[in-house]
Amino acid sequence: MKITERAVAKLANSMRIYAEANARFNELKKVDLEEAIDNLDRAFEAKLEAFHSVYDVDRAVFNYFDHADTALILMLRNAIHHRDHELFSSWNNTMAQDGGPHRFSGAEFLIASHTLVGEAHVGRQLYKAEDFLFRLDPSQNSPALEGKMSALNRSKLLGQLKADLSFSEFFSKARREGYPDKQLYFNVIPLFISAVCRVFRSLRARGVRFVGYDANAYEMHFTDELKVDLSSLSYATIRIN
């Protein structure tokens, strides 16, 4: 039990550090854009690693691959952790590469995000939607196809992505409205919140204690207060002038 408690404390701490990096981002980017982007991206990757640590100590009891949110977060962690491909460059990192956002001048991007129930503020960590398909869908003929999962498990997760997480709806809307696939981005923060809520509720029901300041602070927040509607996507657009 103590091993699980330590993993939960690590995850809660990583979530606080990401929230602080996110809060500082707009001010820091005025001084050092590269540092601001790297701080935010590395903090998000630390959250993925910490989530995976909880999975490592809890997977014998809780099946993370039975649920679309927890399964996709683990897939994203593995993809970013192993980095044997060029997928999953964050929006901020992509926009800051040589030539800056002006190389997309005139383009409009469609952003999809799962909906939080209530008035909770949602941050943004955006990745190309097509990168998820390149990782999971063999029909894309992508060299970055996930190679460590069996074809059966890949197919299961692809089905969860399209149906349970509304990716089919996202791509259908984009095609109806004339958006190229490369101009579609997905905000993974609500998905991460949903995954943490699911795991924290399960852990609490099994009697796992939330030990330490950060874990105590997040326990009620992620077990009683937050709820994500995975059946509902909200949309926003970003036009590069």
# chains A, B, ... in the order shown; residues from 1 in each chain; ligands from 1

call {"tool": "residues_around", "arguments": {"residues": "A:Phe88", "least_positions_apart": "2", "cutoff": "9 Å", "atoms": "only C-alpha atoms", "output": "MDAnalysis selection string"}}
result
chainID A and resid 76 79:80 85:86 90:91 126:128 131:132

call {"tool": "write_last_selection", "arguments": {"atoms": "all heavy atoms", "output": "compact mmCIF listing (two decimals), in the first residue's frame"}}
result
# COMPACT_ATOMS: atom_id res chain seq x y z
N LEU A 76 0.09 7.64 -24.95
CA LEU A 76 0.79 8.90 -25.18
C LEU A 76 2.09 8.93 -24.40
O LEU A 76 3.13 9.37 -24.92
CB LEU A 76 -0.12 10.07 -24.76
CG LEU A 76 0.44 11.47 -24.93
CD1 LEU A 76 0.78 11.76 -26.39
CD2 LEU A 76 -0.55 12.51 -24.40
N ALA A 79 4.62 6.76 -26.18
CA ALA A 79 5.08 7.36 -27.43
C ALA A 79 6.10 8.46 -27.16
O ALA A 79 7.14 8.54 -27.84
CB ALA A 79 3.89 7.93 -28.20
N ILE A 80 5.83 9.31 -26.19
CA ILE A 80 6.74 10.41 -25.88
C ILE A 80 7.98 9.90 -25.15
O ILE A 80 9.09 10.39 -25.38
CB ILE A 80 6.00 11.49 -25.06
CG1 ILE A 80 4.95 12.18 -25.95
CG2 ILE A 80 6.97 12.51 -24.49
CD1 ILE A 80 4.10 13.20 -25.23
N HIS A 85 10.27 8.31 -33.12
CA HIS A 85 9.45 8.88 -34.19
C HIS A 85 9.43 10.39 -34.01
O HIS A 85 10.02 10.92 -33.05
CB HIS A 85 8.02 8.33 -34.09
CG HIS A 85 7.44 8.52 -32.71
ND1 HIS A 85 6.92 9.73 -32.28
CD2 HIS A 85 7.36 7.68 -31.66
CE1 HIS A 85 6.52 9.61 -31.04
NE2 HIS A 85 6.78 8.38 -30.62
N GLU A 86 8.76 11.09 -34.91
CA GLU A 86 8.68 12.55 -34.83
C GLU A 86 7.28 13.04 -34.46
O GLU A 86 6.98 14.23 -34.62
CB GLU A 86 9.13 13.16 -36.16
CG GLU A 86 10.59 12.87 -36.49
CD GLU A 86 11.05 13.55 -37.77
OE1 GLU A 86 10.23 14.25 -38.40
OE2 GLU A 86 12.23 13.36 -38.13
N SER A 90 4.39 19.35 -29.35
CA SER A 90 3.29 20.17 -28.85
C SER A 90 3.04 21.36 -29.78
O SER A 90 3.91 21.77 -30.56
CB SER A 90 3.60 20.68 -27.44
OG SER A 90 4.62 21.67 -27.48
N TRP A 91 1.85 21.92 -29.68
CA TRP A 91 1.50 23.12 -30.45
C TRP A 91 2.54 24.21 -30.24
O TRP A 91 3.04 24.81 -31.20
CB TRP A 91 0.12 23.61 -30.04
CG TRP A 91 -0.22 25.00 -30.49
CD1 TRP A 91 0.08 26.18 -29.84
CD2 TRP A 91 -0.88 25.38 -31.70
NE1 TRP A 91 -0.37 27.26 -30.58
CE2 TRP A 91 -0.97 26.79 -31.71
CE3 TRP A 91 -1.43 24.65 -32.76
CZ2 TRP A 91 -1.58 27.50 -32.74
CZ3 TRP A 91 -2.04 25.36 -33.79
CH2 TRP A 91 -2.11 26.76 -33.79
N LEU A 126 -1.66 20.86 -26.46
CA LEU A 126 -2.22 20.49 -27.76
C LEU A 126 -1.24 19.65 -28.57
O LEU A 126 -0.05 19.98 -28.68
CB LEU A 126 -2.56 21.75 -28.56
CG LEU A 126 -3.46 22.79 -27.89
CD1 LEU A 126 -3.69 23.97 -28.85
CD2 LEU A 126 -4.80 22.19 -27.48
N TYR A 127 -1.78 18.57 -29.16
CA TYR A 127 -1.01 17.74 -30.09
C TYR A 127 -1.85 17.51 -31.34
O TYR A 127 -3.10 17.52 -31.28
CB TYR A 127 -0.66 16.38 -29.46
CG TYR A 127 0.26 16.50 -28.26
CD1 TYR A 127 -0.23 16.40 -26.97
CD2 TYR A 127 1.62 16.72 -28.44
CE1 TYR A 127 0.61 16.51 -25.87
CE2 TYR A 127 2.47 16.83 -27.35
CZ TYR A 127 1.96 16.73 -26.08
OH TYR A 127 2.79 16.85 -24.99
N LYS A 128 -1.18 17.29 -32.47
CA LYS A 128 -1.90 17.01 -33.70
C LYS A 128 -2.78 15.78 -33.53
O LYS A 128 -2.32 14.73 -33.06
CB LYS A 128 -0.92 16.75 -34.85
CG LYS A 128 -0.36 18.00 -35.51
CD LYS A 128 0.52 17.61 -36.67
CE LYS A 128 1.18 18.84 -37.28
NZ LYS A 128 2.12 18.45 -38.36
N ASP A 131 -1.61 12.55 -35.23
CA ASP A 131 -0.51 11.79 -34.63
C ASP A 131 -1.03 10.56 -33.88
O ASP A 131 -0.37 9.51 -33.85
CB ASP A 131 0.31 12.66 -33.69
CG ASP A 131 1.20 13.64 -34.44
OD1 ASP A 131 1.18 13.64 -35.69
OD2 ASP A 131 1.92 14.42 -33.78
N PHE A 132 -2.20 10.69 -33.27
CA PHE A 132 -2.79 9.54 -32.57
C PHE A 132 -3.14 8.43 -33.56
O PHE A 132 -2.95 7.25 -33.27
CB PHE A 132 -4.03 9.98 -31.79
CG PHE A 132 -3.72 10.91 -30.64
CD1 PHE A 132 -3.67 12.28 -30.83
CD2 PHE A 132 -3.47 10.40 -29.38
CE1 PHE A 132 -3.38 13.14 -29.78
CE2 PHE A 132 -3.18 11.25 -28.32
CZ PHE A 132 -3.13 12.62 -28.52

call {"tool": "select_by_dssp", "arguments": {"residues": "stretch 182-236 of chain A", "states": "strand (DSSP E)", "output": "NGL selection string"}}
result
:A and (184-187 or 228-236)

call {"tool": "closest_residue", "arguments": {"among": "A:Glu5, A:Glu146, A:Asp214, A:Asp181", "to": "A:Val57", "atoms": "only C-alpha atoms"}}
result
A:Glu5

call {"tool": "closest_residue", "arguments": {"among": "A:Ala144, A:Ala195, A:Val31, A:Ala96", "to": "A:Lys227", "atoms": "only C-alpha atoms"}}
result
A:Ala195

call {"tool": "residues_around", "arguments": {"residues": "A:Gly123", "least_positions_apart": "5", "cutoff": "10 Å", "atoms": "only C-alpha atoms", "output": "short mmCIF file (atom, residue, chain, number, x, y, z; two decimals) with N, CA and C atoms, in the first residue's frame"}}
result
data_model
loop_
_atom_site.label_atom_id
_atom_site.label_comp_id
_atom_site.auth_asym_id
_atom_site.auth_seq_id
_atom_site.Cartn_x
_atom_site.Cartn_y
_atom_site.Cartn_z
N ALA A 19 0.91 22.76 -13.22
CA ALA A 19 0.01 23.90 -13.04
C ALA A 19 0.81 25.19 -12.83
N ASN A 22 2.34 26.22 -16.14
CA ASN A 22 1.29 26.76 -16.99
C ASN A 22 0.95 28.20 -16.58
N ALA A 23 0.89 28.44 -15.26
CA ALA A 23 0.56 29.78 -14.76
C ALA A 23 1.65 30.79 -15.11
N ASN A 187 -6.67 18.80 -27.51
CA ASN A 187 -6.23 19.19 -26.17
C ASN A 187 -6.32 17.98 -25.24
N VAL A 188 -5.18 17.52 -24.74
CA VAL A 188 -5.17 16.30 -23.93
C VAL A 188 -5.40 16.56 -22.44
N ILE A 189 -5.47 17.82 -22.02
CA ILE A 189 -5.62 18.10 -20.59
C ILE A 189 -6.94 17.54 -20.03
N PRO A 190 -8.11 17.78 -20.66
CA PRO A 190 -9.32 17.16 -20.11
C PRO A 190 -9.24 15.63 -20.08
#

call {"tool": "closest_residue", "arguments": {"among": "A:Phe170, A:Tyr18, A:Phe65, A:Tyr218", "to": "A:Arg154", "atoms": "only C-alpha atoms"}}
result
A:Phe65

call {"tool": "closest_residue", "arguments": {"among": "A:Tyr185, A:Phe51, A:Phe44, A:Phe167", "to": "A:Ala129", "atoms": "only C-alpha atoms"}}
result
A:Tyr185

call {"tool": "atom_distance", "arguments": {"atom1": "atom CA of A:Ala7", "atom2": "atom CA of A:Ser53"}}
result
6.0 Å

call {"tool": "residues_around", "arguments": {"residues": "A:Leu203", "least_positions_apart": "6", "cutoff": "10 Å", "atoms": "only C-alpha atoms", "output": "PyMOL selection string"}}
result
chain A and resi 4-5+8+58+61-62+197+209-210+223

call {"tool": "atom_distance", "arguments": {"atom1": "atom CA of A:Met220", "atom2": "atom CA of A:Arg204"}}
result
10.1 Å

call {"tool": "residues_around", "arguments": {"residues": "A:Leu145", "least_positions_apart": "4", "cutoff": "12 Å", "atoms": "only C-alpha atoms", "output": "compact mmCIF listing (two decimals) with N, CA and C atoms, in the first residue's frame"}}
result
# COMPACT_ATOMS: atom_id res chain seq x y z
N MET A 75 -0.73 5.25 -23.70
CA MET A 75 -0.17 5.21 -25.05
C MET A 75 0.63 6.48 -25.34
N ALA A 79 4.62 6.76 -26.18
CA ALA A 79 5.08 7.36 -27.43
C ALA A 79 6.10 8.46 -27.16
N ARG A 83 10.20 7.96 -27.96
CA ARG A 83 10.66 8.93 -28.97
C ARG A 83 11.43 8.29 -30.12
N ASP A 84 10.87 7.23 -30.70
CA ASP A 84 11.48 6.61 -31.88
C ASP A 84 10.75 7.08 -33.13
N HIS A 85 10.27 8.31 -33.12
CA HIS A 85 9.45 8.88 -34.19
C HIS A 85 9.43 10.39 -34.01
N GLU A 86 8.76 11.09 -34.91
CA GLU A 86 8.68 12.55 -34.83
C GLU A 86 7.28 13.04 -34.46
N LEU A 87 6.47 12.17 -33.93
CA LEU A 87 5.11 12.55 -33.55
C LEU A 87 5.09 13.28 -32.21
N GLU A 130 -3.92 13.89 -35.86
CA GLU A 130 -3.53 12.81 -36.75
C GLU A 130 -2.39 11.97 -36.17
N ASP A 131 -1.61 12.55 -35.23
CA ASP A 131 -0.51 11.79 -34.63
C ASP A 131 -1.03 10.56 -33.88
N PHE A 132 -2.20 10.69 -33.27
CA PHE A 132 -2.79 9.54 -32.57
C PHE A 132 -3.14 8.43 -33.56
N LEU A 133 -3.63 8.82 -34.74
CA LEU A 133 -3.95 7.82 -35.76
C LEU A 133 -2.67 7.21 -36.32
N PHE A 134 -1.64 8.04 -36.54
CA PHE A 134 -0.38 7.51 -37.05
C PHE A 134 0.21 6.48 -36.09
N ARG A 135 -0.07 6.63 -34.81
CA ARG A 135 0.47 5.71 -33.81
C ARG A 135 -0.33 4.41 -33.71
N LEU A 136 -1.62 4.47 -34.08
CA LEU A 136 -2.50 3.33 -33.80
C LEU A 136 -3.10 2.66 -35.02
N ASP A 137 -3.23 3.38 -36.13
CA ASP A 137 -4.00 2.89 -37.28
C ASP A 137 -3.07 2.42 -38.39
N PRO A 138 -2.96 1.11 -38.63
CA PRO A 138 -2.06 0.61 -39.67
C PRO A 138 -2.44 1.09 -41.07
N SER A 139 -3.71 1.46 -41.28
CA SER A 139 -4.12 1.92 -42.61
C SER A 139 -3.49 3.26 -42.98
N GLN A 140 -2.91 3.96 -41.99
CA GLN A 140 -2.22 5.21 -42.26
C GLN A 140 -0.83 5.00 -42.86
N ASN A 141 -0.35 3.76 -42.84
CA ASN A 141 0.98 3.42 -43.36
C ASN A 141 2.07 4.31 -42.76
N MET A 149 2.75 -2.81 -28.93
CA MET A 149 1.43 -3.35 -28.66
C MET A 149 1.09 -4.42 -29.69
N SER A 150 0.31 -5.39 -29.28
CA SER A 150 -0.17 -6.38 -30.25
C SER A 150 -1.17 -5.71 -31.20
N ALA A 151 -1.35 -6.31 -32.36
CA ALA A 151 -2.31 -5.76 -33.33
C ALA A 151 -3.70 -5.72 -32.72
N ARG A 154 -3.85 -2.78 -30.26
CA ARG A 154 -3.83 -1.53 -31.02
C ARG A 154 -5.21 -1.26 -31.61
N SER A 155 -5.82 -2.30 -32.17
CA SER A 155 -7.14 -2.16 -32.77
C SER A 155 -8.18 -1.78 -31.71
N LEU A 158 -7.63 1.89 -30.84
CA LEU A 158 -8.08 2.73 -31.95
C LEU A 158 -9.60 2.86 -31.93

call {"tool": "closest_residue", "arguments": {"among": "A:Lys173, A:His67, A:Ala112, A:His81", "to": "A:Glu49", "atoms": "only C-alpha atoms"}}
result
A:His81

call {"tool": "atom_distance", "arguments": {"atom1": "atom CA of A:Gly106", "atom2": "atom CA of A:Lys182"}}
result
14.0 Å

call {"tool": "closest_residue", "arguments": {"among": "A:Lys148, A:His102, A:Lys156, A:His121", "to": "A:Arg239", "atoms": "only C-alpha atoms"}}
result
A:His102

call {"tool": "select_by_dssp", "arguments": {"residues": "stretch 20-232 of chain A", "states": "helix (DSSP H, G or I)", "output": "PyMOL selection string"}}
result
chain A and resi 20-31+33-58+64-66+68-82+91-96+100-104+129-136+138-140+151-164+167-176+181-183+189-205+213-225

call {"tool": "residues_around", "arguments": {"residues": "A:Thr70", "least_positions_apart": "4", "cutoff": "9 Å", "atoms": "only C-alpha atoms", "output": "list in words"}}
result
Tyr64, Phe65, Asp66, Leu74, Met75, Leu191, Phe192, Ser194, Ala195, Val196, Arg198 and Val199 of chain A

call {"tool": "write_last_selection", "arguments": {"atoms": "C-alpha atoms", "output": "compact mmCIF listing (two decimals), in the first residue's frame"}}
result
# COMPACT_ATOMS: atom_id res chain seq x y z
CA TYR A 64 -6.14 0.63 -17.19
CA PHE A 65 -6.70 -0.63 -20.72
CA ASP A 66 -10.41 -1.23 -20.14
CA LEU A 74 -0.55 5.43 -21.26
CA MET A 75 -0.17 5.21 -25.05
CA LEU A 191 -8.44 13.58 -21.08
CA PHE A 192 -5.65 13.54 -18.49
CA SER A 194 -10.58 12.25 -16.70
CA ALA A 195 -7.95 9.52 -16.37
CA VAL A 196 -6.73 10.84 -13.01
CA ARG A 198 -11.01 7.56 -12.68
CA VAL A 199 -7.86 6.23 -11.02

call {"tool": "residues_around", "arguments": {"residues": "stretch 234-237 of chain A", "least_positions_apart": "4", "cutoff": "7 Å", "atoms": "only C-alpha atoms", "output": "number ranges by chain"}}
result
A: 108-115

call {"tool": "write_last_selection", "arguments": {"atoms": "all heavy atoms", "output": "PDB file, in the first residue's frame"}}
result
ATOM      1  N   GLU A 108      -6.076  28.341 -40.712  1.00  0.00           N
ATOM      2  CA  GLU A 108      -6.919  28.268 -39.512  1.00  0.00           C
ATOM      3  C   GLU A 108      -6.875  26.844 -38.975  1.00  0.00           C
ATOM      4  O   GLU A 108      -7.031  25.883 -39.721  1.00  0.00           O
ATOM      5  CB  GLU A 108      -8.357  28.663 -39.831  1.00  0.00           C
ATOM      6  CG  GLU A 108      -9.254  28.653 -38.596  1.00  0.00           C
ATOM      7  CD  GLU A 108     -10.636  29.205 -38.877  1.00  0.00           C
ATOM      8  OE1 GLU A 108     -10.776  30.452 -38.874  1.00  0.00           O
ATOM      9  OE2 GLU A 108     -11.560  28.396 -39.116  1.00  0.00           O
ATOM     10  N   PHE A 109      -6.659  26.714 -37.678  1.00  0.00           N
ATOM     11  CA  PHE A 109      -6.553  25.424 -37.013  1.00  0.00           C
ATOM     12  C   PHE A 109      -7.817  25.175 -36.192  1.00  0.00           C
ATOM     13  O   PHE A 109      -8.343  26.092 -35.551  1.00  0.00           O
ATOM     14  CB  PHE A 109      -5.322  25.385 -36.105  1.00  0.00           C
ATOM     15  CG  PHE A 109      -4.024  25.457 -36.848  1.00  0.00           C
ATOM     16  CD1 PHE A 109      -3.512  26.682 -37.274  1.00  0.00           C
ATOM     17  CD2 PHE A 109      -3.299  24.310 -37.132  1.00  0.00           C
ATOM     18  CE1 PHE A 109      -2.315  26.760 -37.964  1.00  0.00           C
ATOM     19  CE2 PHE A 109      -2.103  24.375 -37.816  1.00  0.00           C
ATOM     20  CZ  PHE A 109      -1.613  25.602 -38.233  1.00  0.00           C
ATOM     21  N   LEU A 110      -8.271  23.925 -36.212  1.00  0.00           N
ATOM     22  CA  LEU A 110      -9.431  23.526 -35.425  1.00  0.00           C
ATOM     23  C   LEU A 110      -8.939  22.746 -34.205  1.00  0.00           C
ATOM     24  O   LEU A 110      -8.198  21.769 -34.338  1.00  0.00           O
ATOM     25  CB  LEU A 110     -10.377  22.662 -36.254  1.00  0.00           C
ATOM     26  CG  LEU A 110     -11.677  22.218 -35.582  1.00  0.00           C
ATOM     27  CD1 LEU A 110     -12.569  23.426 -35.262  1.00  0.00           C
ATOM     28  CD2 LEU A 110     -12.433  21.226 -36.473  1.00  0.00           C
ATOM     29  N   ILE A 111      -9.359  23.189 -33.026  1.00  0.00           N
ATOM     30  CA  ILE A 111      -8.924  22.594 -31.765  1.00  0.00           C
ATOM     31  C   ILE A 111     -10.112  21.905 -31.112  1.00  0.00           C
ATOM     32  O   ILE A 111     -11.169  22.515 -30.934  1.00  0.00           O
ATOM     33  CB  ILE A 111      -8.381  23.673 -30.791  1.00  0.00           C
ATOM     34  CG1 ILE A 111      -7.433  24.649 -31.510  1.00  0.00           C
ATOM     35  CG2 ILE A 111      -7.742  23.015 -29.581  1.00  0.00           C
ATOM     36  CD1 ILE A 111      -6.214  24.024 -32.107  1.00  0.00           C
ATOM     37  N   ALA A 112      -9.947  20.643 -30.746  1.00  0.00           N
ATOM     38  CA  ALA A 112     -11.002  19.898 -30.047  1.00  0.00           C
ATOM     39  C   ALA A 112     -10.568  19.612 -28.621  1.00  0.00           C
ATOM     40  O   ALA A 112      -9.384  19.366 -28.346  1.00  0.00           O
ATOM     41  CB  ALA A 112     -11.301  18.587 -30.766  1.00  0.00           C
ATOM     42  N   SER A 113     -11.532  19.641 -27.726  1.00  0.00           N
ATOM     43  CA  SER A 113     -11.256  19.420 -26.311  1.00  0.00           C
ATOM     44  C   SER A 113     -12.478  18.775 -25.673  1.00  0.00           C
ATOM     45  O   SER A 113     -13.598  19.209 -25.923  1.00  0.00           O
ATOM     46  CB  SER A 113     -10.949  20.765 -25.630  1.00  0.00           C
ATOM     47  OG  SER A 113     -10.644  20.601 -24.269  1.00  0.00           O
ATOM     48  N   HIS A 114     -12.273  17.746 -24.868  1.00  0.00           N
ATOM     49  CA  HIS A 114     -13.397  17.191 -24.126  1.00  0.00           C
ATOM     50  C   HIS A 114     -13.890  18.201 -23.104  1.00  0.00           C
ATOM     51  O   HIS A 114     -13.144  19.070 -22.650  1.00  0.00           O
ATOM     52  CB  HIS A 114     -12.992  15.881 -23.447  1.00  0.00           C
ATOM     53  CG  HIS A 114     -12.833  14.757 -24.413  1.00  0.00           C
ATOM     54  ND1 HIS A 114     -11.588  14.263 -24.775  1.00  0.00           N
ATOM     55  CD2 HIS A 114     -13.739  14.038 -25.131  1.00  0.00           C
ATOM     56  CE1 HIS A 114     -11.753  13.287 -25.653  1.00  0.00           C
ATOM     57  NE2 HIS A 114     -13.041  13.126 -25.890  1.00  0.00           N
ATOM     58  N   THR A 115     -15.145  18.067 -22.744  1.00  0.00           N
ATOM     59  CA  THR A 115     -15.831  19.086 -21.956  1.00  0.00           C
ATOM     60  C   THR A 115     -15.823  18.747 -20.470  1.00  0.00           C
ATOM     61  O   THR A 115     -16.223  17.640 -20.088  1.00  0.00           O
ATOM     62  CB  THR A 115     -17.290  19.217 -22.429  1.00  0.00           C
ATOM     63  OG1 THR A 115     -17.295  19.478 -23.840  1.00  0.00           O
ATOM     64  CG2 THR A 115     -17.997  20.347 -21.702  1.00  0.00           C
TER      65      THR A 115
END
